[in-house]
file start.cif (mmCIF, C-alpha atoms)
data_entry
#
loop_
_atom_site.label_atom_id
_atom_site.label_comp_id
_atom_site.auth_asym_id
_atom_site.auth_seq_id
_atom_site.Cartn_x
_atom_site.Cartn_y
_atom_site.Cartn_z
CA MET A 68 -4.22 -20.56 -15.92
CA THR A 69 -2.98 -23.71 -17.57
CA ASN A 70 -5.89 -25.64 -16.16
CA THR A 71 -8.28 -23.01 -17.38
CA GLN A 72 -6.74 -23.11 -20.82
CA GLY A 73 -7.03 -26.88 -20.90
CA ALA A 74 -10.67 -26.65 -19.87
CA VAL A 75 -11.30 -23.99 -22.45
CA ALA A 76 -9.65 -26.06 -25.14
CA ALA A 77 -11.83 -29.06 -24.24
CA ALA A 78 -14.91 -26.86 -24.25
CA PHE A 79 -13.95 -25.40 -27.58
CA VAL A 80 -13.51 -28.82 -29.15
CA ALA A 81 -16.87 -29.91 -27.73
CA LEU A 82 -18.58 -26.86 -29.17
CA ALA A 83 -16.95 -27.09 -32.58
CA ASP A 84 -19.75 -29.49 -33.55
CA PRO A 85 -22.80 -27.45 -34.65
CA THR A 86 -25.31 -29.94 -33.22
CA ARG A 87 -23.61 -29.91 -29.84
CA ARG A 88 -23.55 -26.18 -29.91
CA GLN A 89 -27.26 -26.13 -30.65
CA ILE A 90 -27.88 -28.51 -27.75
CA PHE A 91 -25.75 -26.37 -25.46
CA GLU A 92 -27.67 -23.25 -26.38
CA ARG A 93 -30.99 -24.98 -25.77
CA LEU A 94 -29.83 -25.74 -22.27
CA GLY A 95 -29.06 -22.06 -21.82
CA GLN A 96 -32.79 -21.43 -21.85
CA ARG A 97 -33.64 -23.88 -19.08
CA THR A 98 -32.99 -27.37 -17.83
CA ARG A 99 -34.22 -30.07 -20.20
CA SER A 100 -34.46 -33.83 -20.33
CA VAL A 101 -32.82 -35.76 -23.19
CA GLY A 102 -36.23 -36.06 -24.86
CA GLU A 103 -36.80 -32.32 -24.62
CA VAL A 104 -33.39 -31.58 -26.02
CA ALA A 105 -33.96 -34.00 -28.90
CA ALA A 106 -37.39 -32.62 -29.80
CA GLY A 107 -37.14 -30.70 -33.05
CA LEU A 108 -33.53 -31.67 -33.70
CA PRO A 109 -32.77 -33.79 -36.76
CA VAL A 110 -30.84 -36.35 -34.70
CA THR A 111 -31.85 -39.44 -32.76
CA ARG A 112 -32.17 -39.57 -29.00
CA PRO A 113 -29.16 -41.85 -28.60
CA ALA A 114 -27.15 -39.37 -30.66
CA VAL A 115 -28.33 -36.56 -28.37
CA SER A 116 -27.30 -38.60 -25.34
CA GLN A 117 -23.87 -39.06 -26.85
CA HIS A 118 -23.55 -35.32 -27.52
CA LEU A 119 -24.61 -34.55 -23.95
CA ARG A 120 -21.92 -36.90 -22.68
CA VAL A 121 -19.27 -35.04 -24.68
CA LEU A 122 -20.52 -31.70 -23.36
CA ALA A 123 -20.51 -33.02 -19.80
CA ASP A 124 -16.96 -34.36 -20.18
CA ALA A 125 -15.88 -30.91 -21.34
CA GLY A 126 -17.38 -29.37 -18.19
CA LEU A 127 -20.02 -27.48 -20.09
CA VAL A 128 -23.17 -29.22 -18.89
CA THR A 129 -24.13 -31.11 -15.82
CA HIS A 130 -27.13 -33.28 -14.96
CA GLU A 131 -29.30 -34.17 -12.02
CA ARG A 132 -32.25 -36.33 -11.13
CA GLU A 133 -35.66 -34.76 -11.24
CA GLY A 134 -38.13 -37.43 -10.14
CA THR A 135 -37.67 -40.38 -12.44
CA ARG A 136 -35.91 -38.51 -15.19
CA ARG A 137 -32.51 -37.00 -15.65
CA VAL A 138 -32.35 -33.33 -16.60
CA TYR A 139 -29.42 -31.44 -18.03
CA ARG A 140 -28.32 -27.87 -17.36
CA ILE A 141 -25.40 -25.62 -18.21
CA ASP A 142 -22.55 -25.98 -15.75
CA PRO A 143 -22.08 -22.66 -13.89
CA ARG A 144 -18.33 -23.19 -13.89
CA GLY A 145 -18.54 -21.60 -17.31
CA LEU A 146 -18.58 -18.39 -15.26
CA GLU A 147 -14.96 -19.00 -14.35
CA MET A 148 -14.15 -19.13 -18.05
CA MET A 149 -15.74 -15.75 -18.56
CA ARG A 150 -13.59 -14.38 -15.78
CA ALA A 151 -10.52 -16.01 -17.29
CA TYR A 152 -11.36 -14.43 -20.61
CA LEU A 153 -11.58 -10.95 -19.08
CA ASP A 154 -8.38 -11.53 -17.13
CA ARG A 155 -6.56 -12.32 -20.33
CA PHE A 156 -8.26 -9.52 -22.20
CA TRP A 157 -7.11 -6.84 -19.74
CA ASP A 158 -3.53 -8.17 -19.79
CA ARG A 159 -3.49 -7.69 -23.50
CA ALA A 160 -5.28 -4.35 -23.52
CA LEU A 161 -3.10 -2.84 -20.79
CA ALA A 162 0.11 -3.96 -22.48
CA ALA A 163 -1.05 -2.06 -25.56
CA PHE A 164 -2.07 0.88 -23.37
CA LYS A 165 1.37 1.03 -21.75
CA ALA A 166 3.05 1.03 -25.14
CA ALA A 167 0.77 3.83 -26.35
CA ALA A 168 1.21 5.95 -23.21
CA GLU A 169 4.99 5.61 -23.30
CA ALA A 170 5.22 6.24 -27.03
CA GLU A 171 3.22 9.41 -26.50
CA GLY A 172 5.69 10.46 -23.82
CA GLU A 173 8.59 9.98 -26.22
CA ALA A 174 6.81 11.93 -28.93
CA GLU A 175 6.26 14.76 -26.49
CA ALA A 176 9.91 14.74 -25.41
CA GLY A 177 10.90 14.76 -29.08
CA GLU A 178 8.79 17.82 -29.76
CA ARG A 179 10.40 19.70 -26.90
CA ARG A 180 13.88 19.12 -28.23
CA MET B 1179 -21.93 -16.86 -6.84
CA SER B 1180 -21.31 -13.44 -5.30
CA GLY B 1181 -17.85 -14.60 -4.21
CA VAL B 1182 -16.38 -14.25 -7.71
CA PRO B 1183 -13.11 -12.31 -7.33
CA PRO B 1184 -12.62 -9.25 -9.50
CA VAL B 1185 -10.07 -9.20 -12.29
CA ARG B 1186 -7.29 -6.96 -10.98
CA LYS B 1187 -4.31 -5.63 -12.92
CA GLU B 1188 -1.49 -3.38 -11.88
CA LEU B 1189 1.27 -1.86 -13.96
CA VAL B 1190 3.73 1.01 -13.96
CA VAL B 1191 3.81 3.31 -16.96
CA ALA B 1192 6.66 5.67 -17.83
CA ALA B 1193 4.42 8.70 -18.23
CA THR B 1194 2.76 11.33 -16.05
CA ALA B 1195 -0.62 10.52 -14.51
CA GLU B 1196 -2.14 13.23 -16.71
CA ARG B 1197 -0.81 11.60 -19.85
CA ALA B 1198 -1.74 8.10 -18.72
CA PHE B 1199 -5.29 9.23 -18.00
CA GLN B 1200 -5.48 11.05 -21.31
CA VAL B 1201 -4.23 8.08 -23.33
CA PHE B 1202 -6.54 5.72 -21.46
CA THR B 1203 -9.60 7.85 -22.19
CA ASP B 1204 -9.28 10.22 -25.13
CA GLY B 1205 -6.63 7.99 -26.69
CA ILE B 1206 -8.49 4.70 -26.17
CA ASP B 1207 -8.54 4.07 -29.91
CA ARG B 1208 -4.75 3.90 -29.92
CA TRP B 1209 -4.59 0.84 -27.70
CA TRP B 1210 -7.97 -0.89 -27.66
CA PRO B 1211 -7.55 -4.44 -29.05
CA ARG B 1212 -9.05 -4.41 -32.54
CA GLN B 1213 -10.42 -7.92 -32.36
CA HIS B 1214 -12.42 -7.03 -29.30
CA HIS B 1215 -15.26 -5.55 -31.23
CA ILE B 1216 -18.84 -6.71 -31.19
CA GLY B 1217 -20.03 -5.08 -34.38
CA SER B 1218 -20.81 -6.77 -37.68
CA SER B 1219 -18.02 -4.98 -39.54
CA PRO B 1220 -14.44 -4.17 -38.46
CA LEU B 1221 -13.78 -1.52 -35.84
CA ARG B 1222 -12.95 1.89 -37.27
CA ARG B 1223 -12.59 3.73 -34.00
CA GLU B 1224 -13.05 3.08 -30.27
CA VAL B 1225 -14.55 6.06 -28.45
CA LEU B 1226 -14.79 7.02 -24.78
CA GLU B 1227 -16.61 10.31 -24.33
CA PRO B 1228 -15.23 12.48 -21.50
CA GLY B 1229 -17.19 13.18 -18.31
CA VAL B 1230 -19.74 11.34 -16.21
CA GLY B 1231 -22.36 9.75 -18.45
CA GLY B 1232 -20.04 9.80 -21.46
CA ARG B 1233 -20.65 6.95 -23.85
CA TRP B 1234 -18.15 4.19 -24.47
CA TYR B 1235 -18.59 2.61 -27.86
CA GLY B 1236 -16.96 1.23 -30.97
CA LEU B 1237 -17.60 2.78 -34.35
CA SER B 1238 -17.69 0.14 -37.09
CA GLU B 1239 -16.48 0.53 -40.64
CA ASP B 1240 -20.09 0.39 -41.80
CA GLY B 1241 -20.98 3.35 -39.59
CA THR B 1242 -22.85 1.47 -36.88
CA GLU B 1243 -22.07 2.14 -33.23
CA CYS B 1244 -21.70 -0.68 -30.73
CA ASP B 1245 -22.04 0.39 -27.13
CA VAL B 1246 -19.72 -1.06 -24.51
CA GLY B 1247 -20.88 1.03 -21.53
CA LYS B 1248 -20.48 4.50 -20.08
CA VAL B 1249 -18.46 6.68 -17.70
CA LEU B 1250 -19.62 6.41 -14.07
CA VAL B 1251 -16.85 8.38 -12.34
CA TRP B 1252 -14.58 10.91 -14.05
CA GLU B 1253 -11.82 12.31 -11.84
CA PRO B 1254 -8.85 13.19 -14.08
CA PRO B 1255 -6.07 12.35 -13.73
CA HIS B 1256 -6.50 10.03 -10.75
CA ARG B 1257 -9.59 7.90 -11.09
CA LEU B 1258 -12.01 6.58 -13.64
CA VAL B 1259 -14.93 4.17 -13.24
CA LEU B 1260 -16.52 2.71 -16.33
CA ALA B 1261 -19.63 0.62 -16.75
CA TRP B 1262 -18.93 -2.49 -18.81
CA GLN B 1263 -22.34 -3.54 -20.06
CA ILE B 1264 -21.47 -6.41 -22.35
CA THR B 1265 -23.19 -9.65 -21.50
CA SER B 1266 -21.54 -13.01 -21.97
CA ASP B 1267 -23.25 -13.41 -25.33
CA TRP B 1268 -21.23 -10.36 -26.30
CA LYS B 1269 -24.10 -7.96 -26.62
CA PHE B 1270 -24.67 -4.58 -25.05
CA ASP B 1271 -27.43 -4.67 -22.46
CA PRO B 1272 -28.24 -1.40 -20.65
CA ALA B 1273 -29.77 -3.44 -17.81
CA PHE B 1274 -26.52 -5.34 -17.26
CA LEU B 1275 -23.66 -3.68 -15.42
CA THR B 1276 -20.18 -4.63 -14.28
CA GLU B 1277 -17.68 -1.96 -13.18
CA VAL B 1278 -14.16 -1.25 -14.34
CA GLU B 1279 -12.32 1.06 -11.95
CA VAL B 1280 -8.96 2.48 -12.98
CA THR B 1281 -6.72 4.54 -10.73
CA PHE B 1282 -3.61 6.44 -11.78
CA THR B 1283 -1.11 7.23 -9.04
CA ALA B 1284 1.98 9.32 -9.70
CA GLU B 1285 5.11 7.68 -8.29
CA GLY B 1286 7.69 9.95 -9.90
CA PRO B 1287 7.98 12.78 -12.42
CA LYS B 1288 7.26 10.38 -15.27
CA LYS B 1289 6.12 7.28 -13.48
CA THR B 1290 2.51 6.33 -12.88
CA ARG B 1291 1.05 3.24 -11.27
CA LEU B 1292 -2.16 2.07 -12.88
CA VAL B 1293 -4.50 -0.27 -11.06
CA LEU B 1294 -7.47 -1.69 -12.93
CA GLU B 1295 -10.24 -3.66 -11.29
CA HIS B 1296 -13.06 -5.27 -13.27
CA ARG B 1297 -15.65 -6.26 -10.67
CA ASP B 1298 -19.22 -7.48 -10.17
CA LEU B 1299 -18.34 -10.49 -12.27
CA HIS B 1300 -20.79 -12.63 -10.29
CA ARG B 1301 -23.36 -10.92 -12.49
CA TYR B 1302 -22.18 -13.20 -15.25
CA GLY B 1303 -23.54 -16.04 -13.16
CA LEU B 1304 -26.17 -18.25 -14.62
CA ALA B 1305 -28.61 -17.89 -11.75
CA GLU B 1306 -30.31 -14.70 -12.83
CA PRO B 1307 -33.32 -15.11 -15.12
CA ALA B 1308 -32.35 -12.12 -17.24
CA TYR B 1309 -28.96 -13.61 -17.81
CA ARG B 1310 -30.37 -17.02 -18.62
CA LYS B 1311 -32.51 -15.36 -21.21
CA SER B 1312 -29.55 -13.47 -22.62
CA ILE B 1313 -27.65 -16.63 -23.44
CA ASP B 1314 -30.61 -17.88 -25.45
CA SER B 1315 -29.27 -16.62 -28.70
CA PRO B 1316 -28.53 -18.54 -31.90
CA GLU B 1317 -25.32 -16.69 -32.70
CA GLY B 1318 -24.02 -15.85 -29.26
CA GLY B 1319 -23.80 -17.83 -26.08
CA TRP B 1320 -20.90 -19.42 -24.30
CA GLY B 1321 -19.64 -20.98 -27.47
CA TRP B 1322 -18.80 -17.60 -28.85
CA ILE B 1323 -17.00 -16.52 -25.69
CA LEU B 1324 -15.05 -19.73 -25.57
CA GLN B 1325 -14.03 -19.28 -29.14
CA ARG B 1326 -12.78 -15.76 -28.46
CA PHE B 1327 -10.94 -16.94 -25.40
CA THR B 1328 -9.26 -19.74 -27.27
CA GLU B 1329 -8.17 -17.31 -29.95
CA GLU B 1330 -6.74 -15.04 -27.28
CA ALA B 1331 -5.02 -17.91 -25.54
CA ALA B 1332 -3.40 -18.99 -28.79
CA ARG B 1333 -1.86 -15.61 -29.45
#
call {"tool": "encode", "arguments": {"input": "start.cif", "output": "structure tokens"}}
result
Amino acid sequence: MTNTQGAVAAAFVALADPTRRQIFERLGQRTRSVGEVAAGLPVTRPAVSQHLRVLADAGLVTHEREGTRRVYRIDPRGLEMMRAYLDRFWDRALAAFKAAAEAEGEAEAGERR
Amino acid sequence: MSGVPPVRKELVVAATAERAFQVFTDGIDRWWPRQHHIGSSPLRREVLEPGVGGRWYGLSEDGTECDVGKVLVWEPPHRLVLAWQITSDWKFDPAFLTEVEVTFTAEGPKKTRLVLEHRDLHRYGLAEPAYRKSIDSPEGGWGWILQRFTEEAAR
């Protein structure tokens, strides 16, 4: 859990930058080269490369060789973060559920008295 | 990707199974986390309609309804299976389905064991074309999820 939280924190910091977030979302559509990512963005290619490096360091994107070029894609380990989110969500929700169910029980006992 | 383990939770509640089931379903609004709402305005009420096929949705302050899923199995007071149809860009998608199964087992006069399993999480995997398309959204995407998670983690 601690590792997940650390990874999530790193991912969150990486995505706090709107340009990086835009880049990340473009990669959600399909794999792209640096040039393809940069096309239409108001930043230079070297700047895009730098952003991609930050995203990769945060575990959000990964890259591979495709012929002579390097293409980037979203790292599927993000799936584990989704699972971690739901894990945490249900902890929280069920704690609230337990409180509600037991409070109801008390109310009922009170009425009977 | 299909080897993603389900999220599984187990807890004991000091209430009868009947009451636990009732609070979980009819009383969902009393415990559903308020910040877990996908609508554009704050959540006014969380609703889980009784019976198989019953809708599960949040009613926003502005009157709009945001679907979460529906009831797949309704066996009061022992078992409930819900469809959780929220994609990772936090939108309802009727074509997307993960299951939440909840069982209520009486262990004493006022003691019930609840087991919750949220499964089929591999469907959040990035491999499926429909899913890949779903994360192509200017407002949603992983960034949004990560933000929510970080907020949760900081609580």
call {"tool": "residues_near_point", "arguments": {"input": "start.cif", "point": "(-7.1, -3.4, -6.2)", "cutoff": "9 Å", "atoms": "only C-alpha atoms", "output": "list in words"}}
result
Pro1184, Val1185, Arg1186, Lys1187, Glu1188, Glu1279, Val1293, Leu1294 and Glu1295 of chain B
call {"tool": "resolve_selection", "arguments": {"input": "start.cif", "expression": "the PyMOL selection byres ((chain B and resi 1245) around 10)", "output": "PyMOL selection string"}}
result
chain B and resi 1215-1217+1224-1225+1233-1237+1242-1244+1246-1248+1262-1264+1269-1272
call {"tool": "closest_residue", "arguments": {"input": "start.cif", "among": "A:Ala81, A:His130, A:Phe164, A:His118", "to": "chain B", "atoms": "all atoms listed in the file"}}
result
A:Phe164
call {"tool": "residues_around", "arguments": {"input": "start.cif", "residues": "range 103-112 of chain A", "least_positions_apart": "5", "cutoff": "10 Å", "atoms": "only C-alpha atoms", "output": "ChimeraX atom specification"}}
result
/A:86,89-91,93-94,98,117-119,138-139
call {"tool": "closest_residue", "arguments": {"input": "start.cif", "among": "B:His1296, B:Ala1273, B:Ala1284, B:Gly1241", "to": "Leu1260 in chain B", "atoms": "all atoms listed in the file"}}
result
B:His1296
call {"tool": "closest_residue", "arguments": {"input": "start.cif", "among": "A:Thr135, A:Arg99, A:Glu92, A:Asp84", "to": "chain B", "atoms": "only C-alpha atoms"}}
result
A:Glu92
call {"tool": "closest_residue", "arguments": {"input": "start.cif", "among": "B:Arg1291, B:Asp1240, B:Gly1231, B:Ala1192", "to": "His1256 in chain B", "atoms": "all atoms listed in the file"}}
result
B:Arg1291
call {"tool": "atom_distance", "arguments": {"input": "start.cif", "atom1": "CA of Pro1183 in chain B", "atom2": "CA of Asp154 in chain A"}}
result
10.9 Å
call {"tool": "atom_distance", "arguments": {"input": "start.cif", "atom1": "CA of Val1259 in chain B", "atom2": "CA of Val1278 in chain B"}}
result
5.6 Å
call {"tool": "atom_distance", "arguments": {"input": "start.cif", "atom1": "CA of Glu133 in chain A", "atom2": "CA of Ala77 in chain A"}}
result
27.7 Å
call {"tool": "residues_around", "arguments": {"input": "start.cif", "residues": "Ala162 in chain A", "least_positions_apart": "5", "cutoff": "12 Å", "atoms": "only C-alpha atoms", "output": "list in words"}}
result
Arg155, Phe156, Trp157, Ala167, Ala168 and Glu169 of chain A; Lys1187, Glu1188, Leu1189, Val1190, Val1191, Phe1202, Arg1208, Trp1209, Trp1210, Pro1211 and Leu1292 of chain B
call {"tool": "closest_residue", "arguments": {"input": "start.cif", "among": "B:Ser1219, B:Thr1290, B:Thr1281, B:Thr1194", "to": "Glu1253 in chain B", "atoms": "all atoms listed in the file"}}
result
B:Thr1281
call {"tool": "closest_residue", "arguments": {"input": "start.cif", "among": "A:Arg150, A:Lys165, A:Arg159, A:Arg87", "to": "Arg120 in chain A", "atoms": "all atoms listed in the file"}}
result
A:Arg87
